[in-house]
Amino acid sequence: MALYALGDLHLSFQADKPMDMFGKVWRNHEKKIEKNCNKILTDEDTLVLVGDHSWGRKLEDCKEDLQFIENLPGKKVLIRGNHDTFWDAKKTKKLNELYAGRLFFLQNNYYPYGDYALVGTKGFCFENIGTKEHADMLVEREAKRLKESFEAARADGYEKFIMFLHYPPTSLWEKKSRFTLMAEVYEAEQVIYAHCHGKERFNDSLKGNVNGVKYSLVSGDYLDFKPQLILR
């Protein structure tokens with residue numbers, strides 16, 4: 001049994017949104033995902049998909065994308081990404097009921113993994129777009145959702161945490177944030193995030209060990225669509 005993570009699948013089986021315009025690493029990326037997952041994962045493993053699963057705007061527009069994910073080996077846990085408009089945070093319970101036993105949608109809840117609780121939320125960071133005030137408001141909203149995830153796990157007796165965000169844990173030029181501080185307060189062992197595409201973005205946020213927490217970027221193009229081992 002092992003835990004893996006991969007972000008930014010950006011599937012578009014029902015949408016006209018080819019990704020190869022963003023570079024050759026994206027050429028036939030769906031086949032890469034399928035090949036790598038089948039090679040690396042077993043049905044006993046757990047794969048956390050760290051946001052931006054589908055270009056489908058509504059649930060009916062991304063059913064084939066979710067079916068593709070469902071068909072990958074192992075248990076699948078999904079985090080909301082900024083492009084996952086099919087997933088209203090307030091309707092997470094309905095998604096979990098609809099896909100019970102097939103996919104788990106992680107939002108304002110947690111996923112048990114051995115002695116660990118997998119916690120997470122979409123997150124947010126300032127990327128020099130819009131105003132800092134608006135970004136701060138969204139960071140605060142997401143921090144509250146993340147705290148709810150931690151507290152739900154803690155209420156059930158969990159003391160070991162691995163934390164997932166879609167956005168990087170810090171805004172540009174930051175060394176700490178509401179999310180990094182929360183990871184330290186709850187003593188999360190790892191923080192896993194995605195969202196950063198292209199070589200010019202791969203160093204936007206923290207990587208490696210910082211204040212006792214291990215930070216990892218798992219964007220699809222960063223990993224060439226090979227799931228990264230998080231815990232064995």
# chains A, B, ... in the order shown; residues from 1 in each chain; ligands from 1

$ residues_around --residues "Ala117 in chain A" --least-positions-apart "6" --cutoff "8 Å" --atoms "only C-alpha atoms" --output "ChimeraX atom specification"
/A:110-111,153,158-162

$ write_last_selection --atoms "N, CA, C and O atoms" --output "PDB file, in the first residue's frame"
ATOM      1  N   TYR A 110     -12.172  14.830   5.396  1.00  0.00           N
ATOM      2  CA  TYR A 110     -10.837  14.260   5.324  1.00  0.00           C
ATOM      3  C   TYR A 110     -10.940  12.841   4.789  1.00  0.00           C
ATOM      4  O   TYR A 110     -12.022  12.252   4.758  1.00  0.00           O
ATOM      5  N   TYR A 111      -9.788  12.298   4.396  1.00  0.00           N
ATOM      6  CA  TYR A 111      -9.745  10.925   3.896  1.00  0.00           C
ATOM      7  C   TYR A 111      -8.775  10.127   4.757  1.00  0.00           C
ATOM      8  O   TYR A 111      -7.607  10.503   4.899  1.00  0.00           O
ATOM      9  N   ALA A 153     -10.815  15.714  11.096  1.00  0.00           N
ATOM     10  CA  ALA A 153      -9.922  14.577  11.320  1.00  0.00           C
ATOM     11  C   ALA A 153      -9.492  14.484  12.777  1.00  0.00           C
ATOM     12  O   ALA A 153      -9.474  13.402  13.372  1.00  0.00           O
ATOM     13  N   TYR A 158      -7.428  11.580  14.812  1.00  0.00           N
ATOM     14  CA  TYR A 158      -6.201  11.578  14.005  1.00  0.00           C
ATOM     15  C   TYR A 158      -5.221  12.643  14.501  1.00  0.00           C
ATOM     16  O   TYR A 158      -5.613  13.761  14.848  1.00  0.00           O
ATOM     17  N   GLU A 159      -3.951  12.268  14.517  1.00  0.00           N
ATOM     18  CA  GLU A 159      -2.900  13.176  14.967  1.00  0.00           C
ATOM     19  C   GLU A 159      -1.800  13.351  13.913  1.00  0.00           C
ATOM     20  O   GLU A 159      -0.906  14.176  14.085  1.00  0.00           O
ATOM     21  N   LYS A 160      -1.870  12.572  12.846  1.00  0.00           N
ATOM     22  CA  LYS A 160      -0.868  12.649  11.783  1.00  0.00           C
ATOM     23  C   LYS A 160      -1.572  13.098  10.505  1.00  0.00           C
ATOM     24  O   LYS A 160      -2.605  12.518  10.130  1.00  0.00           O
ATOM     25  N   PHE A 161      -1.005  14.112   9.852  1.00  0.00           N
ATOM     26  CA  PHE A 161      -1.688  14.732   8.717  1.00  0.00           C
ATOM     27  C   PHE A 161      -0.758  14.898   7.513  1.00  0.00           C
ATOM     28  O   PHE A 161       0.427  15.199   7.662  1.00  0.00           O
ATOM     29  N   ILE A 162      -1.340  14.717   6.328  1.00  0.00           N
ATOM     30  CA  ILE A 162      -0.717  15.131   5.082  1.00  0.00           C
ATOM     31  C   ILE A 162      -1.702  16.100   4.424  1.00  0.00           C
ATOM     32  O   ILE A 162      -2.884  15.792   4.286  1.00  0.00           O
TER      33      ILE A 162
END

$ residues_around --residues "range 24-31 of chain A" --least-positions-apart "3" --cutoff "7 Å" --atoms "only C-alpha atoms" --output "PDB file with C-alpha atoms, in the first residue's frame"
ATOM      1  CA  MET A  19      -3.393  21.113 -24.119  1.00  0.00           C
ATOM      2  CA  ASP A  20      -0.590  20.481 -26.603  1.00  0.00           C
ATOM      3  CA  GLU A  34      -2.875   6.179 -18.248  1.00  0.00           C
ATOM      4  CA  LYS A  35       0.422   4.457 -19.082  1.00  0.00           C
ATOM      5  CA  ASP A 221       3.909  18.769 -16.588  1.00  0.00           C
ATOM      6  CA  ASP A 224       5.857  14.475 -16.920  1.00  0.00           C
TER       7      ASP A 224
END

$ closest_residue --among "A:Phe68, A:Tyr4, A:Phe22, A:Tyr193" --to "His166 in chain A" --atoms "only C-alpha atoms"
A:Tyr193

$ residues_around --residues "Ser171 in chain A" --least-positions-apart "6" --cutoff "12 Å" --atoms "only C-alpha atoms" --output "list in words"
Gly123, Phe124, Cys125, Phe126, Glu127, Asn128, Ile129, Lys132, Ala135, Asp136, Val139, Ser177, Arg178, Phe179, Thr180, Cys196, Arg201, Asn203, Asp204, Ser205 and Leu206 of chain A

$ select_by_dssp --residues "range 10-226 of chain A" --states "helix (DSSP H, G or I)" --output "PyMOL selection string"
chain A and resi 20-22+24-26+29-40+59-61+63-70+89-98+132-155+178-185+199-201

$ atom_distance --atom1 "CA of Asn109 in chain A" --atom2 "CA of Asp84 in chain A"
17.9 Å

$ residues_around --residues "Val213 in chain A" --least-positions-apart "4" --cutoff "9 Å" --atoms "only C-alpha atoms" --output "list in words"
Thr180, Ala183, Glu184, Glu187, Ala188, Glu189, Gln190, Val191, Gly208 and Asn209 of chain A

$ write_last_selection --atoms "N, CA and C atoms" --output "tab-separated table (two decimals), in the first residue's frame"
chain	number	residue	atom	x	y	z
A	180	THR	N	0.96	27.81	5.25
A	180	THR	CA	2.17	27.24	5.85
A	180	THR	C	2.10	27.28	7.36
A	183	ALA	N	-0.13	24.48	8.49
A	183	ALA	CA	0.58	23.20	8.39
A	183	ALA	C	1.48	23.00	9.61
A	184	GLU	N	2.13	24.07	10.07
A	184	GLU	CA	3.01	23.97	11.23
A	184	GLU	C	2.22	23.81	12.53
A	187	GLU	N	1.01	20.41	12.69
A	187	GLU	CA	2.14	19.50	12.54
A	187	GLU	C	1.95	18.53	11.37
A	188	ALA	N	1.46	19.06	10.25
A	188	ALA	CA	1.38	18.26	9.04
A	188	ALA	C	2.79	17.86	8.62
A	189	GLU	N	2.95	16.62	8.22
A	189	GLU	CA	4.27	16.15	7.82
A	189	GLU	C	4.64	16.62	6.42
A	190	GLN	N	3.63	16.71	5.55
A	190	GLN	CA	3.89	17.12	4.18
A	190	GLN	C	2.79	18.05	3.69
A	191	VAL	N	3.15	18.93	2.75
A	191	VAL	CA	2.20	19.75	2.02
A	191	VAL	C	2.44	19.51	0.54
A	208	GLY	N	10.84	21.16	-0.77
A	208	GLY	CA	11.78	20.63	0.21
A	208	GLY	C	11.33	20.88	1.63
A	209	ASN	N	12.20	20.69	2.58
A	209	ASN	CA	11.86	20.80	4.01
A	209	ASN	C	11.99	22.25	4.49

$ residues_around --residues "range 48-64 of chain A" --least-positions-apart "6" --cutoff "10 Å" --atoms "only C-alpha atoms" --output "ChimeraX atom specification"
/A:3-18,70,74-88,95,104-106,118,120-122,164-167,192-195,217-220,227-228,230

$ closest_residue --among "A:Lys175, A:Arg141, A:Lys226, A:Lys94" --to "Asn36 in chain A" --atoms "only C-alpha atoms"
A:Lys226

$ closest_residue --among "A:Phe202, A:Asp45, A:Ile33, A:Lys214" --to "Gly114 in chain A" --atoms "only C-alpha atoms"
A:Asp45

$ atom_distance --atom1 "CA of Leu72 in chain A" --atom2 "CA of Glu44 in chain A"
11.9 Å

$ closest_residue --among "A:Val185, A:Leu172, A:Met163, A:Met137" --to "Tyr215 in chain A" --atoms "only C-alpha atoms"
A:Met163

$ closest_residue --among "A:Tyr222, A:Lys91, A:Asn38, A:Glu142" --to "Ile69 in chain A" --atoms "only C-alpha atoms"
A:Asn38

$ select_by_dssp --residues "range 37-81 of chain A" --states "strand (DSSP E or B)" --output "number ranges by chain"
A: 46-49, 54, 75-79
